[in-house]
>>> print(open('work_23.cif').read())   # mmCIF, C-alpha atoms
data_work
#
loop_
_atom_site.label_atom_id
_atom_site.label_comp_id
_atom_site.auth_asym_id
_atom_site.auth_seq_id
_atom_site.Cartn_x
_atom_site.Cartn_y
_atom_site.Cartn_z
CA THR A 1 -5.53 10.21 -22.97
CA CYS A 2 -8.70 9.60 -21.03
CA ALA A 3 -12.20 10.13 -22.30
CA THR A 4 -13.92 13.39 -21.47
CA GLN A 5 -16.43 12.15 -18.93
CA LEU A 6 -17.41 9.17 -16.79
CA ARG A 7 -20.99 8.29 -16.02
CA ARG A 8 -22.15 9.72 -12.72
CA HIS A 9 -25.34 8.53 -11.06
CA ARG A 10 -26.80 7.56 -7.73
CA ARG A 11 -27.10 3.80 -8.14
CA GLN A 12 -27.47 2.26 -4.72
CA SER A 13 -24.63 0.16 -3.41
CA THR A 14 -24.43 -3.58 -3.50
CA ASN A 15 -23.73 -5.43 -0.30
CA TRP A 16 -19.95 -5.28 0.04
CA ASN A 17 -19.68 -2.01 1.95
CA SER A 18 -22.20 -2.80 4.67
CA ASP A 19 -19.55 -4.68 6.63
CA HIS A 20 -16.39 -3.39 4.95
CA TYR A 21 -14.08 -2.01 7.62
CA MET A 22 -11.71 0.43 6.01
CA GLU A 23 -8.09 0.31 7.08
CA ILE A 24 -4.71 0.69 5.44
CA VAL A 25 -3.56 -2.86 4.74
CA GLN A 26 0.03 -3.86 5.29
CA TYR A 27 2.70 -5.49 3.14
CA GLN A 28 1.85 -9.00 1.88
CA HIS A 29 -1.88 -8.33 1.82
CA PRO A 30 -2.99 -9.63 -1.61
CA ALA A 31 -4.73 -6.35 -2.47
CA LEU A 32 -1.34 -4.65 -2.72
CA ARG A 33 -0.39 -6.89 -5.65
CA TRP A 34 -3.80 -6.64 -7.33
CA LYS A 35 -3.96 -4.97 -10.74
CA SER A 36 -6.78 -2.52 -10.14
CA LYS A 37 -9.91 -2.40 -12.28
CA SER A 38 -10.96 0.80 -14.04
CA ILE A 39 -14.06 2.57 -12.76
CA ALA A 40 -16.90 2.90 -15.26
CA HIS A 41 -19.21 5.12 -13.23
CA ILE A 42 -19.17 7.39 -10.18
CA ASN A 43 -21.79 7.42 -7.46
CA THR A 44 -22.28 8.88 -4.00
CA LYS A 45 -20.75 5.82 -2.37
CA LEU A 46 -17.47 6.40 -4.17
CA THR A 47 -17.49 9.98 -2.88
CA THR A 48 -17.95 8.68 0.67
CA ILE A 49 -15.17 6.12 0.24
CA ILE A 50 -12.77 8.81 -0.95
CA ARG A 51 -13.58 11.09 1.97
CA GLU A 52 -12.88 8.22 4.38
CA MET A 53 -9.61 7.56 2.57
CA PHE A 54 -8.52 11.17 3.05
CA ASP A 55 -9.30 10.85 6.77
CA LEU A 56 -7.24 7.65 6.99
CA MET A 57 -4.38 9.20 5.06
CA TYR A 58 -4.20 12.22 7.34
CA GLU A 59 -4.43 10.05 10.44
CA ALA A 60 -1.43 8.07 9.17
CA LYS A 61 0.52 11.26 8.30
CA GLY A 62 0.55 10.37 4.62
CA ILE A 63 0.45 12.42 1.42
CA GLY A 64 -1.04 9.83 -0.94
CA LEU A 65 -3.21 6.72 -0.74
CA ALA A 66 -4.32 4.26 -3.43
CA ALA A 67 -7.57 2.31 -3.37
CA ASN A 68 -5.90 -1.08 -3.11
CA GLN A 69 -4.12 0.12 0.03
CA VAL A 70 -7.54 -0.04 1.68
CA ALA A 71 -8.30 -3.38 0.00
CA LEU A 72 -10.48 -1.92 -2.75
CA PRO A 73 -9.52 -3.21 -6.22
CA PHE A 74 -10.31 -0.04 -8.14
CA ARG A 75 -8.19 2.29 -10.23
CA PHE A 76 -8.09 5.52 -8.25
CA PHE A 77 -5.95 7.27 -5.68
CA ILE A 78 -5.89 10.47 -3.64
CA ILE A 79 -3.09 12.90 -2.82
CA ASN A 80 -2.39 16.00 -0.79
CA VAL A 81 1.33 16.61 -1.02
CA THR A 82 1.21 19.05 1.91
CA GLY A 83 -0.22 16.39 4.23
CA ASP A 84 -2.29 19.19 5.80
CA ALA A 85 -5.95 18.28 6.25
CA GLN A 86 -6.85 21.97 6.50
CA LEU A 87 -5.65 22.67 2.95
CA LYS A 88 -8.61 21.21 1.06
CA GLU A 89 -7.52 22.98 -2.13
CA GLU A 90 -4.47 20.69 -2.17
CA GLU A 91 -6.61 17.55 -2.20
CA HIS A 92 -6.72 15.79 -5.56
CA VAL A 93 -8.55 12.67 -6.69
CA PHE A 94 -7.27 10.70 -9.70
CA ILE A 95 -9.75 8.20 -11.15
CA ASN A 96 -8.51 5.88 -13.92
CA PRO A 97 -5.18 7.75 -14.14
CA GLU A 98 -2.79 7.33 -17.05
CA ILE A 99 0.69 8.81 -17.17
CA SER A 100 1.07 9.91 -20.78
CA ASP A 101 4.50 11.53 -20.70
CA ARG A 102 7.67 11.30 -18.60
CA LYS A 103 10.77 13.51 -18.70
CA GLY A 104 14.03 13.54 -16.81
CA SER A 105 15.16 11.28 -14.00
CA ALA A 106 15.84 11.80 -10.30
CA GLU A 107 16.41 9.62 -7.27
CA ALA A 108 14.81 10.41 -3.92
CA GLU A 109 13.66 8.71 -0.74
CA GLU A 110 10.18 7.24 -0.58
CA GLY A 111 8.06 5.53 2.04
CA CYS A 112 4.66 3.86 2.04
CA LEU A 113 1.75 3.74 4.48
CA SER A 114 1.49 0.00 3.83
CA MET A 115 5.09 -0.43 5.02
CA PRO A 116 5.31 1.92 8.03
CA GLU A 117 8.69 3.48 8.78
CA LEU A 118 10.40 1.78 5.84
CA TYR A 119 12.19 4.09 3.42
CA GLY A 120 14.32 3.68 0.33
CA ASP A 121 15.70 5.61 -2.63
CA VAL A 122 13.75 5.26 -5.87
CA ARG A 123 14.57 6.68 -9.30
CA ARG A 124 11.60 8.17 -11.15
CA ALA A 125 10.83 10.69 -13.86
CA GLU A 126 11.22 14.30 -12.76
CA GLN A 127 8.29 15.58 -14.83
CA ILE A 128 5.12 13.81 -15.90
CA THR A 129 1.82 14.43 -17.62
CA VAL A 130 -1.12 12.56 -16.11
CA ASP A 131 -4.66 12.18 -17.46
CA ALA A 132 -7.49 11.18 -15.11
CA PHE A 133 -11.07 11.85 -14.06
CA ASP A 134 -12.27 13.83 -11.05
CA LEU A 135 -15.19 13.03 -8.74
CA GLU A 136 -17.57 14.85 -11.06
CA GLY A 137 -16.62 12.46 -13.84
CA HIS A 138 -14.78 15.13 -15.83
CA GLY A 139 -11.52 14.31 -17.55
CA PHE A 140 -8.50 16.48 -16.75
CA GLN A 141 -4.79 16.63 -17.44
CA MET A 142 -2.02 17.79 -15.11
CA GLU A 143 1.64 18.49 -15.75
CA LEU A 144 3.61 17.83 -12.58
CA ASP A 145 7.21 17.93 -11.42
CA ASP A 146 9.25 17.30 -8.28
CA MET A 147 7.31 15.92 -5.30
CA PRO A 148 3.81 15.93 -6.87
CA ALA A 149 5.17 14.01 -9.88
CA ARG A 150 6.85 11.48 -7.60
CA VAL A 151 3.72 10.95 -5.51
CA VAL A 152 1.53 10.42 -8.57
CA GLN A 153 4.01 7.89 -10.00
CA HIS A 154 4.20 6.08 -6.65
CA GLU A 155 0.40 5.87 -6.35
CA THR A 156 -0.05 4.85 -9.99
CA ASP A 157 2.38 2.01 -9.36
CA HIS A 158 0.15 0.85 -6.51
CA LEU A 159 -2.75 0.48 -8.93
CA ASP A 160 -0.63 -1.93 -10.98
CA GLY A 161 0.43 -3.95 -7.94
CA ILE A 162 3.91 -2.40 -7.85
CA LEU A 163 5.47 -1.32 -4.54
CA PHE A 164 8.34 1.11 -4.14
CA PRO A 165 10.90 -1.57 -3.10
CA ASP A 166 10.29 -3.13 -6.52
CA ARG A 167 11.77 0.05 -8.03
CA MET A 168 14.88 0.13 -5.84
CA SER A 169 18.32 -0.96 -7.00
CA GLU A 170 19.26 -4.53 -6.18
CA SER A 171 21.86 -3.46 -3.61
CA ALA A 172 19.48 -1.04 -1.90
CA ARG A 173 16.73 -3.65 -1.87
CA ARG A 174 19.01 -6.12 -0.06
CA GLU A 175 19.44 -3.58 2.73
CA ILE A 176 15.71 -3.63 3.51
CA ASP A 177 15.04 -7.34 2.92
CA SER A 178 15.05 -8.09 6.64
CA ARG A 179 12.43 -5.40 7.25
CA LEU A 180 10.25 -6.82 4.49
CA SER A 181 10.61 -10.26 6.07
CA ASP A 182 9.40 -8.76 9.35
CA PHE A 183 6.31 -7.37 7.62
CA THR A 184 5.67 -10.78 6.07
CA SER A 185 5.95 -12.54 9.44
CA LEU A 186 3.55 -10.06 11.02
CA PHE A 187 0.97 -10.51 8.26
CA ARG A 188 1.15 -14.31 8.49
CA GLN A 189 0.72 -14.09 12.25
CA GLN A 190 -2.36 -11.90 11.79
CA GLN A 191 -3.76 -14.49 9.40
CA ARG A 192 -3.23 -17.24 11.97
CA LEU A 193 -4.98 -15.12 14.58
CA GLY A 194 -7.95 -14.63 12.27
CA LYS A 195 -7.57 -10.92 11.52
CA TYR A 196 -7.12 -11.71 7.83
CA ALA A 197 -8.46 -14.56 5.73
CA SER A 198 -6.32 -16.79 3.52
CA GLU A 199 -4.94 -15.44 0.25
CA ASP A 200 -7.51 -17.41 -1.75
CA GLU A 201 -10.38 -16.04 0.32
CA ILE A 202 -9.11 -12.45 0.10
CA GLU A 203 -8.69 -12.73 -3.66
CA GLN A 204 -12.23 -14.03 -3.99
CA GLN A 205 -13.48 -11.07 -1.96
CA LEU A 206 -11.58 -8.69 -4.24
CA ARG A 207 -13.15 -10.28 -7.33
CA GLU A 208 -16.61 -9.85 -5.82
CA ILE A 209 -15.95 -6.22 -4.87
CA GLU A 210 -14.71 -5.48 -8.41
CA GLN A 211 -18.29 -5.67 -9.70
CA GLU A 212 -19.34 -2.60 -7.71
CA PHE A 213 -18.21 0.11 -10.11
CA ALA A 214 -17.94 -2.00 -13.27
#
>>> encode(input="work_23.cif", output="structure tokens")
Amino acid sequence: TCATQLRRHRRQSTNWNSDHYMEIVQYQHPALRWKSKSIAHINTKLTTIIREMFDLMYEAKGIGLAANQVALPFRFFIINVTGDAQLKEEEHVFINPEISDRKGSAEAEEGCLSMPELYGDVRRAEQITVDAFDLEGHGFQMELDDMPARVVQHETDHLDGILFPDRMSESARREIDSRLSDFTSLFRQQQRLGKYASEDEIEQQLREIEQEFA
């Protein structure tokens, strides 16, 4: 289980966010395969980042979003399983999450904001226990089932560089291979056009950003 509290203070930001344009990155962006780094402290900048992530998630009609989906190599994600921006009480932030227990098994369809309009059946635990920290730095534990449990497992996978097609059966994965190839072609084209840097350059940027909340 997680510790009881993270350090929270108002340390001023380093230079990465001054020109960091937040967007949901697409399949084949190196951040999506990055094993995220745990957060050691919470500051006002993290709070701002998370609010922007909620805005992006709602704009994209999503119900969950992990930090590395916006090219930030940190171990946290957000969810609102209703997808309704008006229901603030349904918004949850999971910092340094750990799934400590899994029960049952069920298969259901999943999608991902980093692979728009791609869906596939994934088998996951029906019930889980998750330990994490909130934005106040307090540790908490939640027991979840059904859709909330699936969303938390999906987003936790993201933090380990795992995407939902990786969890699909081999036969089901073959059915979407052509779509994944299309995403790859689009990303490579965007690199050639200068929207994204090379893999080596992006990975170097991620390593530099990692120092922010270390």
>>> atom_distance(input="work_23.cif", atom1="atom CA of Asp121 of chain A", atom2="atom CA of Gln69 of chain A")
20.7 Å
>>> closest_atom_pairs(input="work_23.cif", of="segment 39-103 of chain A", to="segment 150-156 of chain A", cutoff="9 Å", atoms="all atoms listed in the file", output="Markdown table")
| residue | atom | partner | partner_atom | distance |
| --- | --- | --- | --- | --- |
| A:Ile63 | CA | A:Val151 | CA | 7.8 |
| A:Gly64 | CA | A:Val151 | CA | 6.7 |
| A:Leu65 | CA | A:Glu155 | CA | 6.7 |
| A:Ala66 | CA | A:Glu155 | CA | 5.8 |
| A:Arg75 | CA | A:Thr156 | CA | 8.5 |
| A:Phe76 | CA | A:Thr156 | CA | 8.3 |
| A:Phe77 | CA | A:Glu155 | CA | 6.5 |
| A:Ile78 | CA | A:Glu155 | CA | 8.3 |
| A:Ile79 | CA | A:Val151 | CA | 7.6 |
| A:Val81 | CA | A:Val151 | CA | 7.6 |
| A:Phe94 | CA | A:Val152 | CA | 8.9 |
| A:Pro97 | CA | A:Thr156 | CA | 7.2 |
| A:Glu98 | CA | A:Thr156 | CA | 8.0 |
| A:Ile99 | CA | A:Gln153 | CA | 8.0 |
>>> resolve_selection(input="work_23.cif", expression="the PyMOL selection byres ((chain A and resi 73) around 8)", output="list in words")
Ala31, Trp34, Lys35, Ser36, Lys37, Ala67, Asn68, Ala71, Leu72, Phe74, Arg75, Leu206, Ile209 and Glu210 of chain A
>>> closest_residue(input="work_23.cif", among="A:Ser171, A:Arg33, A:Asp177, A:Tyr58", to="Leu87 of chain A", atoms="only C-alpha atoms")
A:Tyr58
>>> closest_residue(input="work_23.cif", among="A:Ser114, A:Ser105, A:Ser185, A:Asn43", to="Ile24 of chain A", atoms="all atoms listed in the file")
A:Ser114
>>> atom_distance(input="work_23.cif", atom1="atom CA of Phe213 of chain A", atom2="atom CA of Ile42 of chain A")
7.3 Å
>>> atom_distance(input="work_23.cif", atom1="atom CA of Met142 of chain A", atom2="atom CA of Gln211 of chain A")
29.1 Å
>>> closest_residue(input="work_23.cif", among="A:Gly161, A:Ala108, A:Glu117, A:Met147", to="Leu180 of chain A", atoms="all atoms listed in the file")
A:Glu117
>>> residues_around(input="work_23.cif", residues="Glu201 of chain A", least_positions_apart="3", cutoff="12 Å", atoms="all atoms listed in the file", output="list of chain:residue names")
A:His29, A:Pro30, A:Ala31, A:Gln191, A:Tyr196, A:Ala197, A:Ser198, A:Gln204, A:Gln205, A:Leu206, A:Arg207, A:Glu208
>>> closest_residue(input="work_23.cif", among="A:Lys61, A:Lys195, A:Arg51, A:His138", to="Gly83 of chain A", atoms="all atoms listed in the file")
A:Lys61
>>> closest_residue(input="work_23.cif", among="A:Arg102, A:Glu90, A:Tyr119, A:Gln28", to="Glu175 of chain A", atoms="all atoms listed in the file")
A:Tyr119
>>> resolve_selection(input="work_23.cif", expression="the PyMOL selection byres ((chain A and resi 104) around 10)", output="list in words")
Arg102, Lys103, Ser105, Ala106, Arg124, Ala125, Glu126, Gln127, Ile128 and Asp145 of chain A
>>> closest_residue(input="work_23.cif", among="A:His92, A:Phe183, A:Gly62, A:Asp157", to="Leu135 of chain A", atoms="only C-alpha atoms")
A:His92
>>> residues_around(input="work_23.cif", residues="Glu52 of chain A", least_positions_apart="5", cutoff="9 Å", atoms="all atoms listed in the file", output="PyMOL selection string")
chain A and resi 22+47+57
>>> write_last_selection(input="work_23.cif", atoms="C-alpha atoms", output="PDB file, keeping the file's coordinate frame")
ATOM      1  CA  MET A  22     -11.710   0.430   6.010  1.00  0.00           C
ATOM      2  CA  THR A  47     -17.490   9.980  -2.880  1.00  0.00           C
ATOM      3  CA  MET A  57      -4.380   9.200   5.060  1.00  0.00           C
TER       4      MET A  57
END
>>> decode(input="work_23.cif", residues="segment 36-61 of chain A", atoms="N, CA, C and O atoms", output="mmCIF file, in the first residue's frame")
data_model
loop_
_atom_site.group_PDB
_atom_site.id
_atom_site.type_symbol
_atom_site.label_atom_id
_atom_site.label_comp_id
_atom_site.auth_asym_id
_atom_site.auth_seq_id
_atom_site.Cartn_x
_atom_site.Cartn_y
_atom_site.Cartn_z
ATOM 1 N N SER A 36 6.238 5.357 -16.385
ATOM 2 C CA SER A 36 6.139 6.642 -15.701
ATOM 3 C C SER A 36 6.864 6.649 -14.356
ATOM 4 O O SER A 36 6.950 5.629 -13.666
ATOM 5 N N LYS A 37 7.343 7.834 -13.999
ATOM 6 C CA LYS A 37 8.101 8.007 -12.759
ATOM 7 C C LYS A 37 7.176 8.482 -11.636
ATOM 8 O O LYS A 37 6.337 9.358 -11.824
ATOM 9 N N SER A 38 7.348 7.900 -10.449
ATOM 10 C CA SER A 38 6.522 8.284 -9.306
ATOM 11 C C SER A 38 6.750 9.740 -8.939
ATOM 12 O O SER A 38 7.857 10.283 -9.102
ATOM 13 N N ILE A 39 5.707 10.358 -8.431
ATOM 14 C CA ILE A 39 5.772 11.758 -7.994
ATOM 15 C C ILE A 39 6.136 11.801 -6.512
ATOM 16 O O ILE A 39 5.549 11.089 -5.696
ATOM 17 N N ALA A 40 7.115 12.626 -6.176
ATOM 18 C CA ALA A 40 7.584 12.716 -4.792
ATOM 19 C C ALA A 40 6.966 13.893 -4.044
ATOM 20 O O ALA A 40 6.944 13.904 -2.816
ATOM 21 N N HIS A 41 6.490 14.891 -4.765
ATOM 22 C CA HIS A 41 5.853 16.029 -4.113
ATOM 23 C C HIS A 41 4.785 16.622 -5.027
ATOM 24 O O HIS A 41 4.781 16.397 -6.233
ATOM 25 N N ILE A 42 3.885 17.378 -4.425
ATOM 26 C CA ILE A 42 2.766 17.989 -5.142
ATOM 27 C C ILE A 42 2.878 19.492 -4.994
ATOM 28 O O ILE A 42 3.118 20.002 -3.891
ATOM 29 N N ASN A 43 2.716 20.212 -6.098
ATOM 30 C CA ASN A 43 2.724 21.666 -6.019
ATOM 31 C C ASN A 43 1.572 22.245 -6.846
ATOM 32 O O ASN A 43 0.777 21.509 -7.431
ATOM 33 N N THR A 44 1.482 23.557 -6.863
ATOM 34 C CA THR A 44 0.364 24.193 -7.551
ATOM 35 C C THR A 44 0.398 23.948 -9.050
ATOM 36 O O THR A 44 -0.645 23.935 -9.705
ATOM 37 N N LYS A 45 1.585 23.733 -9.602
ATOM 38 C CA LYS A 45 1.676 23.475 -11.030
ATOM 39 C C LYS A 45 1.026 22.141 -11.382
ATOM 40 O O LYS A 45 0.339 22.025 -12.393
ATOM 41 N N LEU A 46 1.225 21.141 -10.531
ATOM 42 C CA LEU A 46 0.594 19.849 -10.781
ATOM 43 C C LEU A 46 -0.929 19.998 -10.769
ATOM 44 O O LEU A 46 -1.631 19.403 -11.598
ATOM 45 N N THR A 47 -1.437 20.792 -9.847
ATOM 46 C CA THR A 47 -2.878 21.038 -9.794
ATOM 47 C C THR A 47 -3.372 21.655 -11.092
ATOM 48 O O THR A 47 -4.412 21.267 -11.634
ATOM 49 N N THR A 48 -2.619 22.611 -11.625
ATOM 50 C CA THR A 48 -2.982 23.255 -12.898
ATOM 51 C C THR A 48 -2.946 22.258 -14.051
ATOM 52 O O THR A 48 -3.848 22.230 -14.899
ATOM 53 N N ILE A 49 -1.906 21.435 -14.078
ATOM 54 C CA ILE A 49 -1.782 20.416 -15.123
ATOM 55 C C ILE A 49 -3.003 19.501 -15.109
ATOM 56 O O ILE A 49 -3.594 19.192 -16.151
ATOM 57 N N ILE A 50 -3.393 19.062 -13.925
ATOM 58 C CA ILE A 50 -4.506 18.121 -13.818
ATOM 59 C C ILE A 50 -5.815 18.765 -14.248
ATOM 60 O O ILE A 50 -6.645 18.129 -14.913
ATOM 61 N N ARG A 51 -6.003 20.040 -13.934
ATOM 62 C CA ARG A 51 -7.220 20.713 -14.386
ATOM 63 C C ARG A 51 -7.252 20.797 -15.914
ATOM 64 O O ARG A 51 -8.302 20.582 -16.537
ATOM 65 N N GLU A 52 -6.107 21.084 -16.520
ATOM 66 C CA GLU A 52 -6.029 21.126 -17.982
ATOM 67 C C GLU A 52 -6.294 19.751 -18.582
ATOM 68 O O GLU A 52 -6.927 19.634 -19.639
ATOM 69 N N MET A 53 -5.817 18.700 -17.896
ATOM 70 C CA MET A 53 -6.071 17.353 -18.390
ATOM 71 C C MET A 53 -7.557 17.013 -18.352
ATOM 72 O O MET A 53 -8.080 16.382 -19.289
ATOM 73 N N PHE A 54 -8.244 17.412 -17.294
ATOM 74 C CA PHE A 54 -9.695 17.189 -17.260
ATOM 75 C C PHE A 54 -10.374 17.898 -18.430
ATOM 76 O O PHE A 54 -11.245 17.326 -19.096
ATOM 77 N N ASP A 55 -9.963 19.126 -18.695
ATOM 78 C CA ASP A 55 -10.562 19.872 -19.816
ATOM 79 C C ASP A 55 -10.328 19.145 -21.141
ATOM 80 O O ASP A 55 -11.246 19.038 -21.968
ATOM 81 N N LEU A 56 -9.101 18.666 -21.347
ATOM 82 C CA LEU A 56 -8.786 17.914 -22.565
ATOM 83 C C LEU A 56 -9.601 16.637 -22.661
ATOM 84 O O LEU A 56 -10.111 16.283 -23.729
ATOM 85 N N MET A 57 -9.721 15.939 -21.544
ATOM 86 C CA MET A 57 -10.459 14.682 -21.523
ATOM 87 C C MET A 57 -11.922 14.899 -21.901
ATOM 88 O O MET A 57 -12.480 14.156 -22.726
ATOM 89 N N TYR A 58 -12.537 15.928 -21.322
ATOM 90 C CA TYR A 58 -13.937 16.192 -21.641
ATOM 91 C C TYR A 58 -14.104 16.614 -23.100
ATOM 92 O O TYR A 58 -15.055 16.200 -23.763
ATOM 93 N N GLU A 59 -13.176 17.414 -23.588
ATOM 94 C CA GLU A 59 -13.236 17.850 -24.978
ATOM 95 C C GLU A 59 -13.183 16.655 -25.931
ATOM 96 O O GLU A 59 -13.834 16.655 -26.983
ATOM 97 N N ALA A 60 -12.425 15.631 -25.540
ATOM 98 C CA ALA A 60 -12.274 14.441 -26.378
ATOM 99 C C ALA A 60 -13.337 13.384 -26.086
ATOM 100 O O ALA A 60 -13.276 12.280 -26.640
ATOM 101 N N LYS A 61 -14.282 13.685 -25.201
ATOM 102 C CA LYS A 61 -15.362 12.754 -24.846
ATOM 103 C C LYS A 61 -14.819 11.495 -24.175
ATOM 104 O O LYS A 61 -15.311 10.386 -24.390
#
